[in-house]
$ cat target30.tsv   # TSV, C-alpha atoms
chain	number	residue	atom	x	y	z
G	1	MET	CA	0.00	0.00	0.00
G	2	PHE	CA	2.82	2.39	0.92
G	3	VAL	CA	6.52	2.66	0.53
G	4	PRO	CA	7.64	3.11	4.15
G	5	THR	CA	10.47	5.57	4.55
G	6	ALA	CA	12.29	7.02	7.53
G	7	ASP	CA	14.93	9.70	7.45
G	8	GLN	CA	16.92	12.13	9.49
G	9	ILE	CA	16.44	15.83	8.78
G	10	GLU	CA	20.11	16.74	9.15
G	11	ARG	CA	23.08	14.51	8.59
G	12	PRO	CA	26.58	15.00	7.17
G	13	GLY	CA	26.34	16.18	3.60
G	14	LYS	CA	22.58	16.43	3.71
G	15	SER	CA	20.06	18.94	5.01
G	16	LEU	CA	16.47	18.23	4.09
G	17	GLU	CA	15.49	21.51	5.72
G	18	THR	CA	17.74	23.88	3.82
G	19	GLY	CA	19.39	21.84	1.09
G	20	THR	CA	18.90	22.31	-2.64
G	21	SER	CA	19.11	18.70	-3.78
G	22	PHE	CA	16.17	17.01	-5.48
G	23	GLU	CA	15.45	15.17	-2.23
G	24	SER	CA	15.62	18.32	-0.08
G	25	ARG	CA	13.41	20.31	-2.43
G	26	LEU	CA	10.82	17.56	-2.42
G	27	VAL	CA	10.78	17.39	1.39
G	28	GLN	CA	10.49	21.18	1.61
G	29	LYS	CA	7.56	21.05	-0.83
G	30	ILE	CA	5.79	18.43	1.28
G	31	LYS	CA	6.43	20.30	4.51
G	32	LYS	CA	5.08	23.60	3.14
G	33	GLN	CA	1.76	21.91	2.42
G	34	CYS	CA	1.48	20.65	5.99
G	35	ASN	CA	1.56	23.80	8.11
G	36	ASP	CA	3.81	26.60	9.19
G	37	LEU	CA	5.43	24.97	12.18
G	38	ALA	CA	9.16	25.40	12.31
G	39	THR	CA	9.87	21.70	12.73
G	40	TYR	CA	10.27	19.25	9.91
G	41	GLN	CA	9.70	16.35	12.27
G	42	GLY	CA	6.54	14.42	11.59
G	43	VAL	CA	4.74	11.74	9.64
G	44	PHE	CA	3.69	12.47	6.07
G	45	VAL	CA	1.90	10.52	3.37
G	46	ALA	CA	2.73	11.90	-0.05
G	47	THR	CA	2.79	11.09	-3.73
G	48	PRO	CA	6.14	10.48	-5.46
G	49	ASN	CA	5.90	13.95	-7.00
G	50	GLY	CA	5.54	15.58	-3.59
G	51	LEU	CA	1.83	16.17	-3.21
G	52	LEU	CA	0.96	15.92	0.48
G	53	LEU	CA	-1.96	13.53	1.02
G	54	ALA	CA	-2.00	13.54	4.82
G	55	GLY	CA	0.34	14.09	7.71
G	56	SER	CA	1.19	16.08	10.76
G	57	HIS	CA	4.05	17.16	12.92
G	58	GLU	CA	2.37	15.90	16.06
G	59	ALA	CA	1.43	12.37	15.12
G	60	VAL	CA	4.84	10.76	15.48
G	61	HIS	CA	4.20	9.24	18.88
G	62	ASP	CA	0.53	8.36	18.43
G	63	PRO	CA	-0.08	5.20	16.39
G	64	ARG	CA	-3.83	5.88	16.07
G	65	LYS	CA	-3.16	9.30	14.54
G	66	VAL	CA	-0.62	7.79	12.17
G	67	GLU	CA	-3.19	5.22	11.14
G	68	GLN	CA	-5.72	7.99	10.44
G	69	HIS	CA	-3.22	9.77	8.24
G	70	MET	CA	-2.45	6.58	6.36
G	71	ARG	CA	-6.13	5.88	5.69
G	72	GLN	CA	-6.75	9.48	4.67
G	73	GLY	CA	-3.73	9.37	2.38
G	74	LEU	CA	-4.90	6.22	0.65
G	75	GLU	CA	-8.36	7.70	0.04
G	76	LYS	CA	-6.86	10.75	-1.63
G	77	TRP	CA	-4.36	8.66	-3.58
G	78	ALA	CA	-7.18	6.61	-5.14
G	79	LYS	CA	-8.68	9.75	-6.66
G	80	LEU	CA	-5.53	10.98	-8.40
G	81	SER	CA	-4.53	10.45	-12.01
G	82	ALA	CA	-1.02	9.23	-12.87
G	83	ALA	CA	-0.05	12.74	-13.95
G	84	GLU	CA	-1.21	14.12	-10.61
G	85	ARG	CA	0.70	11.62	-8.47
G	86	LEU	CA	3.88	10.68	-10.32
G	87	LEU	CA	7.11	12.40	-11.26
G	88	SER	CA	7.68	13.26	-14.90
G	89	GLU	CA	10.27	11.20	-16.78
G	90	ALA	CA	12.79	14.01	-16.51
G	91	GLU	CA	12.20	14.46	-12.78
G	92	PHE	CA	12.51	10.74	-12.19
G	93	ALA	CA	15.77	10.68	-14.11
G	94	ASP	CA	17.05	13.43	-11.80
G	95	ALA	CA	15.96	11.43	-8.76
G	96	LEU	CA	17.68	8.28	-10.01
G	97	ALA	CA	20.87	10.17	-10.81
G	98	GLU	CA	20.92	11.72	-7.35
G	99	LEU	CA	20.28	8.37	-5.67
G	100	GLY	CA	23.14	6.81	-7.62
G	101	ALA	CA	25.46	9.62	-6.59
G	102	VAL	CA	24.45	9.33	-2.93
G	103	GLU	CA	24.94	5.58	-2.90
G	104	GLY	CA	28.32	6.00	-4.57
G	105	LYS	CA	29.44	8.22	-1.70
G	106	SER	CA	28.26	5.90	1.06
G	107	GLN	CA	30.95	5.09	3.61
G	108	TYR	CA	29.11	2.08	4.98
G	109	PRO	CA	31.90	-0.41	5.77
G	110	GLN	CA	30.63	-3.31	3.71
G	111	ASP	CA	33.77	-5.36	4.34
G	112	GLY	CA	34.32	-4.12	7.90
G	113	LEU	CA	32.38	-4.41	11.14
G	114	VAL	CA	28.94	-2.92	11.77
G	115	LEU	CA	27.54	-3.22	15.26
G	116	SER	CA	24.09	-2.45	16.60
G	117	SER	CA	24.29	-0.59	19.87
G	118	PHE	CA	21.47	-0.57	22.42
G	119	CYS	CA	21.43	1.41	25.66
G	120	ARG	CA	18.99	1.38	28.55
G	121	ASP	CA	18.93	2.36	32.19
G	122	LEU	CA	19.62	-0.50	34.57
G	123	PRO	CA	17.79	-1.04	37.86
G	124	ARG	CA	18.96	1.10	40.74
G	125	SER	CA	18.70	0.67	44.46
G	126	ALA	CA	15.36	-0.31	45.94
G	127	LYS	CA	14.59	3.24	47.03
G	128	PRO	CA	10.94	4.08	46.28
G	129	GLY	CA	10.58	6.24	43.21
G	130	ASN	CA	14.15	5.60	42.21
G	131	SER	CA	13.51	3.11	39.43
G	132	PRO	CA	14.16	4.16	35.87
G	133	SER	CA	11.53	3.71	33.21
G	134	ARG	CA	11.91	0.37	31.50
G	135	ASN	CA	10.42	1.78	28.34
G	136	ALA	CA	13.20	4.14	27.43
G	137	TYR	CA	16.00	2.74	25.32
G	138	ASN	CA	17.90	3.90	22.29
G	139	GLN	CA	19.68	2.34	19.37
G	140	ASP	CA	22.64	3.35	17.27
G	141	TYR	CA	25.26	1.78	15.03
G	142	ALA	CA	29.03	1.62	15.37
G	143	TRP	CA	31.14	1.33	12.23
G	144	PHE	CA	34.66	-0.03	11.81
G	145	ARG	CA	36.58	-0.34	8.60
G	146	LYS	CA	38.11	-3.68	7.63
G	147	ALA	CA	41.54	-2.94	9.12
G	148	GLU	CA	39.98	-1.56	12.29
G	149	ALA	CA	37.82	-4.67	12.65
G	150	ARG	CA	40.88	-6.89	12.20
G	151	ALA	CA	42.61	-4.92	14.94
G	152	PHE	CA	40.23	-6.41	17.50
G	153	LEU	CA	42.40	-9.56	17.42
G	154	PRO	CA	46.13	-10.25	17.29
G	155	VAL	CA	47.97	-10.38	13.97
G	156	GLN	CA	48.86	-14.00	14.74
G	157	PRO	CA	45.85	-15.40	16.55
G	158	ILE	CA	47.32	-18.15	18.70
G	159	GLN	CA	45.33	-19.69	21.52
G	160	GLY	CA	46.13	-18.04	24.82
G	161	THR	CA	47.45	-14.83	23.26
G	162	THR	CA	46.20	-11.56	24.70
G	163	HIS	CA	46.04	-8.51	22.49
G	164	GLN	CA	45.44	-4.84	23.27
G	165	VAL	CA	42.90	-3.39	20.86
G	166	PRO	CA	44.37	-0.11	19.51
G	167	ARG	CA	43.44	2.90	21.56
G	168	ASP	CA	41.89	4.82	18.66
G	169	VAL	CA	39.42	2.00	18.09
G	170	VAL	CA	38.47	1.87	21.77
G	171	GLU	CA	38.31	5.66	21.95
G	172	ARG	CA	35.69	5.57	19.21
G	173	LEU	CA	33.54	3.43	21.45
G	174	ALA	CA	34.15	5.63	24.49
G	175	ARG	CA	33.55	8.96	22.76
G	176	PHE	CA	30.67	8.15	20.43
G	177	HIS	CA	29.02	4.97	21.64
G	178	PHE	CA	29.33	4.88	25.41
G	179	VAL	CA	27.20	8.00	25.71
G	180	ASP	CA	23.97	8.53	27.65
G	181	LEU	CA	21.45	8.41	24.81
G	182	VAL	CA	18.83	6.39	26.68
G	183	ARG	CA	16.20	9.13	26.57
G	184	GLY	CA	17.53	11.29	23.76
G	185	HIS	CA	20.56	12.98	22.34
G	186	THR	CA	23.43	14.52	24.19
G	187	ALA	CA	26.83	15.58	22.92
G	188	SER	CA	29.57	13.05	22.23
G	189	TYR	CA	32.83	13.31	24.14
G	190	PRO	CA	35.90	15.16	22.90
G	191	GLN	CA	39.14	13.21	22.83
G	192	GLN	CA	40.49	15.06	25.85
G	193	ALA	CA	37.56	13.76	27.91
G	194	VAL	CA	38.75	10.18	27.50
G	195	GLU	CA	40.51	9.13	30.70
G	196	ARG	CA	40.61	5.42	29.98
G	197	ALA	CA	40.20	3.45	26.76
G	198	GLU	CA	41.36	-0.10	27.29
G	199	LEU	CA	40.12	-3.26	25.65
G	200	SER	CA	41.95	-6.55	25.49
G	201	SER	CA	41.06	-9.60	23.46
G	202	GLU	CA	42.21	-13.04	24.48
G	203	VAL	CA	42.28	-15.84	21.93
G	204	ILE	CA	40.28	-18.62	23.54
G	205	GLU	CA	40.39	-21.05	20.65
G	206	VAL	CA	41.32	-21.32	16.99
G	207	LYS	CA	39.29	-23.87	15.09
G	208	GLY	CA	39.79	-23.95	11.34
G	209	ASN	CA	39.25	-20.43	10.17
G	210	LEU	CA	37.39	-19.40	13.28
G	211	VAL	CA	39.02	-17.51	16.12
G	212	SER	CA	37.13	-17.25	19.42
G	213	LEU	CA	37.90	-14.18	21.48
G	214	ARG	CA	37.11	-12.95	24.95
G	215	PHE	CA	36.99	-9.21	25.55
G	216	GLN	CA	37.65	-7.35	28.76
G	217	GLY	CA	38.24	-3.68	29.27
G	218	ARG	CA	37.42	-0.35	30.77
G	219	THR	CA	36.65	3.07	29.42
G	220	ARG	CA	36.03	6.28	31.28
G	221	THR	CA	35.06	9.67	29.92
G	222	SER	CA	34.67	12.72	32.10
G	223	GLU	CA	33.96	16.37	31.41
G	224	VAL	CA	33.44	19.37	33.67
G	225	HIS	CA	31.51	22.47	32.57
G	226	ASP	CA	34.13	25.02	31.56
G	227	GLY	CA	31.86	28.03	31.77
G	228	VAL	CA	30.67	27.91	28.19
G	229	HIS	CA	27.05	26.92	27.79
G	230	ILE	CA	26.47	24.49	24.94
G	231	GLU	CA	22.86	23.67	24.21
G	232	GLY	CA	22.24	19.96	24.37
G	233	LYS	CA	25.35	19.38	26.43
G	234	TRP	CA	24.95	21.45	29.58
G	235	ASN	CA	21.95	22.83	31.43
G	236	ALA	CA	21.30	26.49	31.89
G	237	PRO	CA	21.66	27.42	35.59
G	238	GLY	CA	18.49	26.89	37.58
G	239	PRO	CA	16.84	25.09	40.49
G	240	GLY	CA	18.38	21.70	41.05
G	241	ILE	CA	21.26	22.39	38.68
G	242	SER	CA	24.57	22.42	40.46
G	243	GLU	CA	26.89	25.27	39.71
G	244	ILE	CA	29.64	23.01	38.45
G	245	GLN	CA	28.12	20.49	36.12
G	246	GLU	CA	29.86	17.29	35.23
G	247	ARG	CA	29.13	14.48	32.87
G	248	GLY	CA	30.74	11.21	32.07
G	249	VAL	CA	30.52	7.48	31.62
G	250	ASP	CA	32.58	4.85	33.40
G	251	ALA	CA	32.19	1.52	31.62
G	252	ARG	CA	33.40	-1.97	32.42
G	253	LEU	CA	33.57	-4.02	29.24
G	254	GLU	CA	33.08	-7.72	28.84
G	255	GLY	CA	32.30	-9.78	25.80
G	256	GLN	CA	33.13	-12.40	23.26
G	257	ALA	CA	33.40	-12.68	19.50
G	258	VAL	CA	34.26	-15.06	16.71
G	259	TYR	CA	36.29	-13.92	13.71
G	260	ASP	CA	36.48	-15.84	10.44
G	261	LEU	CA	40.01	-15.60	9.06
G	262	LYS	CA	38.87	-16.80	5.64
G	263	THR	CA	36.14	-14.24	5.03
G	264	GLU	CA	37.99	-11.70	7.19
G	265	LYS	CA	34.81	-10.80	9.04
G	266	PHE	CA	33.34	-11.24	12.47
G	267	VAL	CA	30.58	-13.84	12.49
G	268	PHE	CA	29.66	-13.25	16.11
G	269	PHE	CA	30.13	-10.26	18.38
G	270	ASP	CA	28.78	-9.53	21.83
G	271	LEU	CA	30.20	-6.70	23.91
G	272	ILE	CA	28.53	-5.35	27.03
G	273	ALA	CA	29.35	-2.09	28.75
G	274	LEU	CA	28.19	-2.09	32.36
G	275	SER	CA	28.30	1.62	32.97
G	276	SER	CA	27.81	4.33	35.45
G	277	ARG	CA	26.73	7.59	33.83
G	278	TRP	CA	26.41	11.04	35.29
G	279	GLY	CA	25.25	14.42	34.06
G	280	GLY	CA	22.46	15.19	31.64
G	281	ASN	CA	20.56	17.91	29.85
G	282	ALA	CA	17.14	18.75	28.46
G	283	TYR	CA	17.66	16.91	25.18
G	284	ASN	CA	18.63	13.62	26.72
G	285	GLY	CA	15.72	13.82	29.12
G	286	ARG	CA	17.67	13.87	32.36
G	287	LEU	CA	16.86	17.50	33.18
G	288	ASN	CA	13.11	16.95	33.52
G	289	GLU	CA	13.61	14.55	36.39
G	290	LEU	CA	16.84	16.11	37.68
G	291	ASP	CA	18.23	12.66	37.11
G	292	PHE	CA	21.92	13.43	36.94
G	293	GLY	CA	23.19	10.22	38.49
G	294	PRO	CA	25.57	8.60	38.96
G	295	ALA	CA	23.24	5.86	37.82
G	296	PRO	CA	23.70	2.52	36.10
G	297	MET	CA	23.28	2.21	32.35
G	298	GLY	CA	23.80	-0.84	30.17
G	299	ILE	CA	25.05	-0.80	26.59
G	300	VAL	CA	25.04	-3.88	24.38
G	301	LEU	CA	26.90	-4.09	21.07
G	302	GLU	CA	26.23	-6.95	18.69
G	303	LEU	CA	26.49	-7.64	14.97
G	304	ALA	CA	24.02	-5.65	12.87
G	305	GLY	CA	22.21	-7.10	9.90
G	306	ASN	CA	22.71	-5.70	6.43
G	307	SER	CA	19.23	-4.48	5.53
G	308	ALA	CA	18.90	-0.89	4.35
G	309	ALA	CA	17.47	0.04	7.73
G	310	GLU	CA	20.62	-1.28	9.41
G	311	GLN	CA	22.95	0.75	7.22
G	312	VAL	CA	21.98	4.01	8.86
G	313	PRO	CA	25.17	5.88	9.79
G	314	PRO	CA	26.15	6.20	13.46
G	315	LEU	CA	24.75	9.28	15.22
G	316	TYR	CA	28.20	10.84	15.60
G	317	PHE	CA	29.62	9.56	12.32
G	318	ARG	CA	30.60	13.08	11.32
G	319	TYR	CA	33.23	13.00	14.08
G	320	TYR	CA	34.78	9.68	13.04
G	321	GLY	CA	37.15	11.57	10.80
G	322	TRP	CA	36.77	9.18	7.88
G	323	LYS	CA	37.84	10.62	4.53
R	1	MET	CA	33.06	-9.48	36.31
R	2	ASN	CA	36.12	-11.56	35.58
R	3	GLU	CA	34.56	-14.84	36.51
R	4	PHE	CA	33.47	-16.90	33.56
R	5	VAL	CA	31.32	-19.91	34.04
R	6	SER	CA	30.71	-23.00	31.98
R	7	GLY	CA	29.49	-23.07	28.39
R	8	ASN	CA	26.08	-21.96	27.33
R	9	ILE	CA	24.42	-24.44	24.99
R	10	ALA	CA	21.98	-21.93	23.58
R	11	THR	CA	24.73	-19.53	22.68
R	12	VAL	CA	26.74	-22.26	21.01
R	13	LEU	CA	23.78	-23.49	18.97
R	14	LEU	CA	22.92	-19.98	17.93
R	15	LEU	CA	26.48	-19.35	16.96
R	16	ALA	CA	26.78	-22.61	15.02
R	17	ALA	CA	23.62	-21.82	13.11
R	18	SER	CA	24.73	-18.29	12.35
R	19	ILE	CA	28.11	-19.13	10.92
R	20	GLY	CA	27.23	-22.15	8.78
R	21	LEU	CA	29.99	-24.54	9.77
R	22	GLY	CA	31.92	-26.19	6.94
R	23	ALA	CA	32.99	-29.81	6.63
R	24	ASP	CA	36.34	-29.05	8.18
R	25	GLN	CA	34.66	-27.40	11.14
R	26	ASP	CA	32.12	-29.90	12.34
R	27	GLN	CA	32.27	-28.55	15.88
R	28	PRO	CA	31.45	-24.96	16.72
R	29	PRO	CA	34.25	-22.89	18.15
R	30	GLN	CA	34.41	-22.59	21.88
R	31	THR	CA	32.24	-19.87	23.30
R	32	LEU	CA	31.91	-18.63	26.81
R	33	GLN	CA	29.05	-17.85	29.01
R	34	LEU	CA	30.05	-14.57	30.48
R	35	SER	CA	29.37	-13.43	34.02
R	36	ALA	CA	25.87	-13.53	35.47
R	37	GLU	CA	25.99	-9.74	35.59
R	38	HIS	CA	26.76	-9.68	31.88
R	39	ALA	CA	23.89	-12.00	31.04
R	40	LYS	CA	21.47	-10.02	33.19
R	41	CYS	CA	22.54	-6.74	31.63
R	42	ARG	CA	22.09	-8.18	28.16
R	43	GLU	CA	18.61	-9.39	29.01
R	44	LEU	CA	17.63	-6.03	30.52
R	45	VAL	CA	19.03	-3.86	27.77
R	46	LEU	CA	18.17	-5.58	24.51
R	47	PRO	CA	14.75	-4.66	23.11
R	48	ASN	CA	12.06	-7.29	23.32
R	49	PRO	CA	10.24	-8.49	20.18
R	50	SER	CA	7.40	-6.07	20.77
R	51	GLU	CA	9.78	-3.13	20.97
R	52	GLN	CA	11.44	-4.23	17.76
R	53	SER	CA	8.26	-5.03	15.84
R	54	TYR	CA	8.60	-1.88	13.72
R	55	ARG	CA	11.81	-3.36	12.35
R	56	LYS	CA	9.79	-5.92	10.39
R	57	ILE	CA	8.64	-3.11	8.10
R	58	PRO	CA	10.78	-2.88	4.93
R	59	TRP	CA	11.86	0.70	5.60
R	60	ARG	CA	13.78	2.75	3.09
R	61	ALA	CA	16.35	4.70	5.04
R	62	SER	CA	16.20	7.91	2.98
R	63	VAL	CA	13.42	10.01	1.48
R	64	LEU	CA	15.11	9.79	-1.89
R	65	HIS	CA	15.17	6.01	-1.84
R	66	GLY	CA	11.52	5.99	-0.77
R	67	ILE	CA	10.45	8.36	-3.52
R	68	VAL	CA	12.26	6.37	-6.20
R	69	ASP	CA	10.68	3.12	-5.04
R	70	ALA	CA	7.26	4.76	-4.75
R	71	GLN	CA	7.51	6.01	-8.32
R	72	LYS	CA	8.60	2.58	-9.56
R	73	SER	CA	5.77	0.79	-7.78
R	74	ASP	CA	3.17	3.55	-8.26
R	75	LYS	CA	2.41	3.78	-4.54
R	76	PRO	CA	2.26	6.61	-2.05
R	77	VAL	CA	5.24	7.10	0.22
R	78	MET	CA	4.91	7.30	3.98
R	79	ILE	CA	7.71	9.41	5.41
R	80	VAL	CA	8.77	9.58	9.05
R	81	LEU	CA	11.13	12.49	9.62
R	82	MET	CA	12.99	13.11	12.85
R	83	ASN	CA	15.99	14.89	14.30
R	84	GLY	CA	18.17	11.82	14.57
R	85	HIS	CA	17.42	8.90	12.30
R	86	PRO	CA	14.17	7.11	13.26
R	87	LEU	CA	15.86	3.80	12.42
R	88	GLY	CA	18.97	4.70	14.35
R	89	CYS	CA	19.46	7.01	17.28
R	90	THR	CA	16.57	9.44	17.78

$ encode --input "target30.tsv" --output "structure tokens"
Amino acid sequence: MFVPTADQIERPGKSLETGTSFESRLVQKIKKQCNDLATYQGVFVATPNGLLLAGSHEAVHDPRKVEQHMRQGLEKWAKLSAAERLLSEAEFADALAELGAVEGKSQYPQDGLVLSSFCRDLPRSAKPGNSPSRNAYNQDYAWFRKAEARAFLPVQPIQGTTHQVPRDVVERLARFHFVDLVRGHTASYPQQAVERAELSSEVIEVKGNLVSLRFQGRTRTSEVHDGVHIEGKWNAPGPGISEIQERGVDARLEGQAVYDLKTEKFVFFDLIALSSRWGGNAYNGRLNELDFGPAPMGIVLELAGNSAAEQVPPLYFRYYGWK
Amino acid sequence: MNEFVSGNIATVLLLAASIGLGADQDQPPQTLQLSAEHAKCRELVLPNPSEQSYRKIPWRASVLHGIVDAQKSDKPVMIVLMNGHPLGCT
């Protein structure tokens, strides 16, 4: 009935809000037909040529409203002629050309390592009213190029060998993936905030092409407000906000993986970060409840699939420094 | 945290199934059951099937991809737009 599509308004090299690409112009056209709200966030049902059939900026979190929009959109769609709903041949050629160019620039590490990352608050002490919501969790992806993925194990994987994963690889986890995103976005950590970034892999067994590894490690990031207010990173002064704000994540790492030397890819990966996080701001939802910790947070990293939906770039990909 | 306990059959079976063992590898590689704390954390953090049900939908991950496919199949496109990717970190 529909082609289901999800997208991010702003990402490196792309701004649907202000861009001039075919895709951006089409989104802007759809949005203008919706209403005058500043936000582009929302759910929209549209024709391929950008005619808005139904939609709203408010419906995102209400499945019944989304359903209404979908039904309304289908009713309108049924009344349109091909000329009214479809792109012209020339427009479609433009769209195809742009899609080809975008896909050609993708930095998705097809031959590397792509991990799904999930984070959620962990149970706290038994104090009444001190339990985190079980409903809040977030998901992201962590990308590693082929050589970076290979660096998770020793050059010569011999049973019993212990290998230190290179610091830059572990720092990527600490700065961009061991971040309190449970309830929403906050800033990633600058390199100077990384106090510890240690991960060792021990070769447990080598069987044919398969190398079994055990991971253990520790990362710690810590930042103190330096007097400069950054929206989405620090809170404006106010009741319940301490004068000197701090934020950080202290994570104990444990996991296991299996690497296939023949295909040069991981076939299994399971890394857990048992963390204590502190700090918070309005965007990551900690301000509302003055929930600045320290409080336990769990992060699980495991192999991602390769569907289109699982090739979404990591939230902080722009800071990876990949050329 | 450092204490590992004996093997976990379920993990091994899952692993064996996922890697498609060849004739020269008729036994799965050794895997470990990690600490109880690790297992509990994993269980608490990973989304349950209900939370992940939206993942069964064949989403296109960009508006452009959605529009192109909608044109090809002569269907309307349903677009979810967010700050942060709705299929990633929102």

$ atom_distance --input "target30.tsv" --atom1 "atom CA of Gln159 of chain G" --atom2 "atom CA of Leu271 of chain G"
20.1 Å

$ interface_residues --input "target30.tsv" --of "chain G" --to "chain R" --cutoff "6 Å" --atoms "all atoms listed in the file" --output "VMD selection string"
chain G and resid 2 to 9 23 41 to 48 120 139 to 140 207 309

$ atom_distance --input "target30.tsv" --atom1 "atom CA of Trp234 of chain G" --atom2 "atom CA of Ala59 of chain G"
29.1 Å

$ atom_distance --input "target30.tsv" --atom1 "atom CA of Arg286 of chain G" --atom2 "atom CA of Gly184 of chain G"
9.0 Å
